[in-house]
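Peer 1: Have a look at the structure that comes next, please.
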Amino acid sequence: MGKTLFDKIWDRHVVKTIAGGPSVLYIDKHFIHEVTSPQAFKGLQQRGLKVFRPGQVVATADHNVPTLNQHLPIKEELSRIQVEQLKKNCAEFGIELYGLGHPYQGIVHVIGPELGITQPGMTIVCGDSHTSTHGAFGTIAFGIGTSEVEMVLATQCLMHTKPKLMRITVDGELNKGVVSKDIILYIIAQISASGATGYAVEYAGSAIRNLSMEARMTICNMSIEMGARCGMIAPDETAFAYIKDKEFAPQGDAWGKAVNTWRTLYSDADAVFDKELHISAENIEPMITYGTNPGMGIGITGHVPALGEIDEREKPSFEKSLLYMGLTPGENIKGKKVDYVFIGSCTNSRIEDLRMVAAFVKGKKKAGNVEVWVVPGSKQVEKQAIEEGINKVFEDAGFVLRQPGCSACLGMNEDKIPAGKYCISTSNRNFEGRQGPNARTLLASPLTAAAAAITGEVTDVRELI
């Protein structure tokens with residue numbers, strides 16, 4: 001019997017398997033940031049341990065950093081302390097840090113791929129659930145807890161139980177106005193926010209192969225939002241072209257050798273998955289969420305489910321969610337007034353996302369009732385946006401291009417959505433309070449978010465393109 005992509009990478013990294021228990025898995029790259037690393041470093045200090053392989057650890061500041069005036073001291077005390085502590089810990093333990101002011105600084109899951117650090121066949125971890133982003137390159141990549149961060153720093157290994165395997169195949173041509181964010185929101189709406197719990201998911205099919213690398217990253221990024229341990233896509237010529245000549249990509253003869261190895265990373269024709277799901281791309285329309293988990297999503301022309309459409313066991317949580325969101329069963333989501341539009345996060349803050357939005361809004365003006373924040377995922381994305389004149393397009397449209405960081409994806413920094421306000425967000429989570437206490441989040445693609453910014457309400461972008 002053939003092997004899956006996951007099996008091939010897993011088997012190459014297992015150091016030891018404990019009978020009836022987990023495996024000791026070797027980790028190729030460990031990304032860290034200011035929020036989940038301080039306790040791990042403190043644990044090493046208390047035990048008198050060094051970082052086992054500091055050259056395989058990459059650090060950046062992203063979650064708590066301000067996205068305006070980054071040259072000034074951070075105002076929020078906890079954020080300032082965490083960022084300063086990351087500097088001290090990296091200096092003490094000999095770890096490369098891309099901190100504020102560094103040309104490589106940015107969101108951890110944006111800088112890894114854009115620098116060529118993320119490469120096919122790797123195992124990658126980070127104290128952040130959206131580490132699954134890196135799976136777009138054919139890696140096993142997943143988030144870990146703080147105690148596990150300490151374990152990897154100390155040993156470059158991790159105790160981990162092999163998950164079950166699922167393949168989601170998306171075939172066909174995408175409709176006008178439908179992009180990768182719509183694909184993953186559609187999948188999650190179909191199987192629910194817990195539908196892939198316990199699985200590693202491989203995405204396949206013609207619709208996936210036709211996506212760019214940045215679009216593939218969006219899909220893998222949100223794998224965790226349906227409960228998956230990780231998401232991955234087999235590397236191909238699109239992936240190799242993206243990696244080639246990146247700062248930390250293999251060079252010279254090493255490049256050819258690396259690509260030859262990467263070409264073996266695919267699921268064999270006779271590989272068996274524990275679960276298979278098939279989706280027709282033609283069935284997907286621009287998506288938007290209405291509730292307080294990413295599985296509560298509908299097509300833009302759809303309506304909030306009526307009570308009769310909800311399973312009896314799920315009605316209490318459904319009604320609680322709608323109460324929080326200020327929506328009613330059966331209500332049409334299209335035409336709903338919005339207050340904020342946030343374009344950014346590790347899901348949709350790459351240069352392709354910004355280009356997509358700029359192309360759509362060029363020559364247009366934002367609605368007067370909407371505040372629009374565009375937050376690039378890294379200093380490199382910011383630099384590119386300025387060089388290409390994207391910042392000028394945004395300025396003319398009334399959008400604010402801020403500086404790199406996680407920003408309004410989560411309420412841990414200064415960029416919070418006020419209580420009761422509606423925000424169409426290109427981020428990955430719409431939990432209660434995720435973007436600030438009592439903020440109301442509607443997840444959507446960069447195109448759908450841009451359409452709302454122009455019209456001031458939830459809009460079917462297909463009517464404007």
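Identifiers for the structure tokens are assigned positionally: chains receive A, B, ... in sequence, residues are indexed from 1 per chain, and ligands are indexed from 1 in the order shown.
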Quick one: everything within 9 Å of A:Thr133, counting only C-alpha atoms, minus sequence neighbours fewer than 4 positions away in the same chain. Send it as a ChimeraX atom specification.
Peer 2: /A:109-110,137,141-142,216-223,230-232,346-347
Peer 1: Among stretch 95-147 of chain A, which residues does DSSP mark as strand (DSSP E or B) when it is run on the backbone? Keep the chain and numbering as in the structure and answer as an MDAnalysis selection string.
Peer 2: chainID A and resid 96:98 106 123:126 140:143
Peer 1: Just want the 12 Å neighbourhood of A:Glu388, counted on only C-alpha atoms, with same-chain residues fewer than 3 positions away dropped. Output as JSON, numbers by chain.
Peer 2: {"A": [351, 352, 354, 355, 358, 359, 381, 382, 383, 384, 385, 391, 392, 393, 394]}
Peer 1: How would the residues just picked look written out with N, CA and C atoms as an mmCIF file, in the first residue's frame?
Peer 2:
data_model
loop_
_atom_site.group_PDB
_atom_site.id
_atom_site.type_symbol
_atom_site.label_atom_id
_atom_site.label_comp_id
_atom_site.auth_asym_id
_atom_site.auth_seq_id
_atom_site.Cartn_x
_atom_site.Cartn_y
_atom_site.Cartn_z
ATOM 1 N N ILE A 351 1.248 40.137 -0.029
ATOM 2 C CA ILE A 351 1.231 41.142 -1.096
ATOM 3 C C ILE A 351 0.126 40.862 -2.102
ATOM 4 N N GLU A 352 -0.177 39.592 -2.382
ATOM 5 C CA GLU A 352 -1.264 39.276 -3.320
ATOM 6 C C GLU A 352 -2.607 39.769 -2.788
ATOM 7 N N LEU A 354 -3.087 42.356 -0.792
ATOM 8 C CA LEU A 354 -3.112 43.812 -0.929
ATOM 9 C C LEU A 354 -3.284 44.231 -2.381
ATOM 10 N N ARG A 355 -2.644 43.492 -3.297
ATOM 11 C CA ARG A 355 -2.818 43.794 -4.727
ATOM 12 C C ARG A 355 -4.268 43.578 -5.155
ATOM 13 N N ALA A 358 -6.319 46.463 -3.805
ATOM 14 C CA ALA A 358 -5.979 47.715 -4.491
ATOM 15 C C ALA A 358 -6.573 47.753 -5.897
ATOM 16 N N ALA A 359 -6.507 46.628 -6.609
ATOM 17 C CA ALA A 359 -7.057 46.572 -7.966
ATOM 18 C C ALA A 359 -8.568 46.826 -7.949
ATOM 19 N N VAL A 381 6.322 43.007 2.927
ATOM 20 C CA VAL A 381 5.056 43.279 2.247
ATOM 21 C C VAL A 381 4.788 44.794 2.229
ATOM 22 N N GLU A 382 5.032 45.447 3.352
ATOM 23 C CA GLU A 382 4.848 46.899 3.435
ATOM 24 C C GLU A 382 5.721 47.613 2.409
ATOM 25 N N LYS A 383 6.985 47.207 2.333
ATOM 26 C CA LYS A 383 7.931 47.817 1.404
ATOM 27 C C LYS A 383 7.477 47.634 -0.043
ATOM 28 N N GLN A 384 7.025 46.424 -0.355
ATOM 29 C CA GLN A 384 6.562 46.122 -1.703
ATOM 30 C C GLN A 384 5.314 46.937 -2.046
ATOM 31 N N ALA A 385 4.409 47.065 -1.089
ATOM 32 C CA ALA A 385 3.186 47.830 -1.321
ATOM 33 C C ALA A 385 3.502 49.291 -1.631
ATOM 34 N N ASN A 391 0.038 51.771 -1.617
ATOM 35 C CA ASN A 391 -0.279 52.671 -0.504
ATOM 36 C C ASN A 391 -1.006 53.926 -0.984
ATOM 37 N N LYS A 392 -0.637 54.406 -2.165
ATOM 38 C CA LYS A 392 -1.292 55.599 -2.729
ATOM 39 C C LYS A 392 -2.728 55.291 -3.133
ATOM 40 N N VAL A 393 -2.950 54.089 -3.682
ATOM 41 C CA VAL A 393 -4.312 53.683 -4.032
ATOM 42 C C VAL A 393 -5.187 53.652 -2.784
ATOM 43 N N PHE A 394 -4.645 53.087 -1.720
ATOM 44 C CA PHE A 394 -5.394 53.017 -0.462
ATOM 45 C C PHE A 394 -5.659 54.413 0.099
#
Peer 1: Can you list, as number ranges by chain, all residues belonging to stretch 92-287 of chain A that DSSP tags as alpha helix (DSSP H)?
Peer 2: A: 92-93, 108-114, 146-155, 180-191, 206-209, 213-221, 237-243, 253-262
Peer 1: List every residue of stretch 314-383 of chain A that has an atom at most 12 Å from any atom of stretch 174-188 of chain A, and for each one report the closest atom pair and its distance in Å to one decimal, counting only C-alpha atoms, with rows sorted by chain and then by increasing residue number, as CSV.
Peer 2:
residue,atom,partner,partner_atom,distance
A:Thr347,CA,A:Lys181,CA,8.3
A:Asn348,CA,A:Lys181,CA,8.3
A:Glu352,CA,A:Val179,CA,11.5
A:Asp353,CA,A:Val179,CA,10.3
A:Met356,CA,A:Val179,CA,10.2
A:Val357,CA,A:Gly177,CA,11.9
A:Phe360,CA,A:Gly177,CA,10.7
Peer 1: Report as an MDAnalysis selection string all protein, DNA and RNA residues lying within 8 Å of stretch 7-14 of chain A, evaluated on only C-alpha atoms, omitting residues in the same chain fewer than 5 positions from it.
Peer 2: chainID A and resid 23:27 121:123 139:140 265
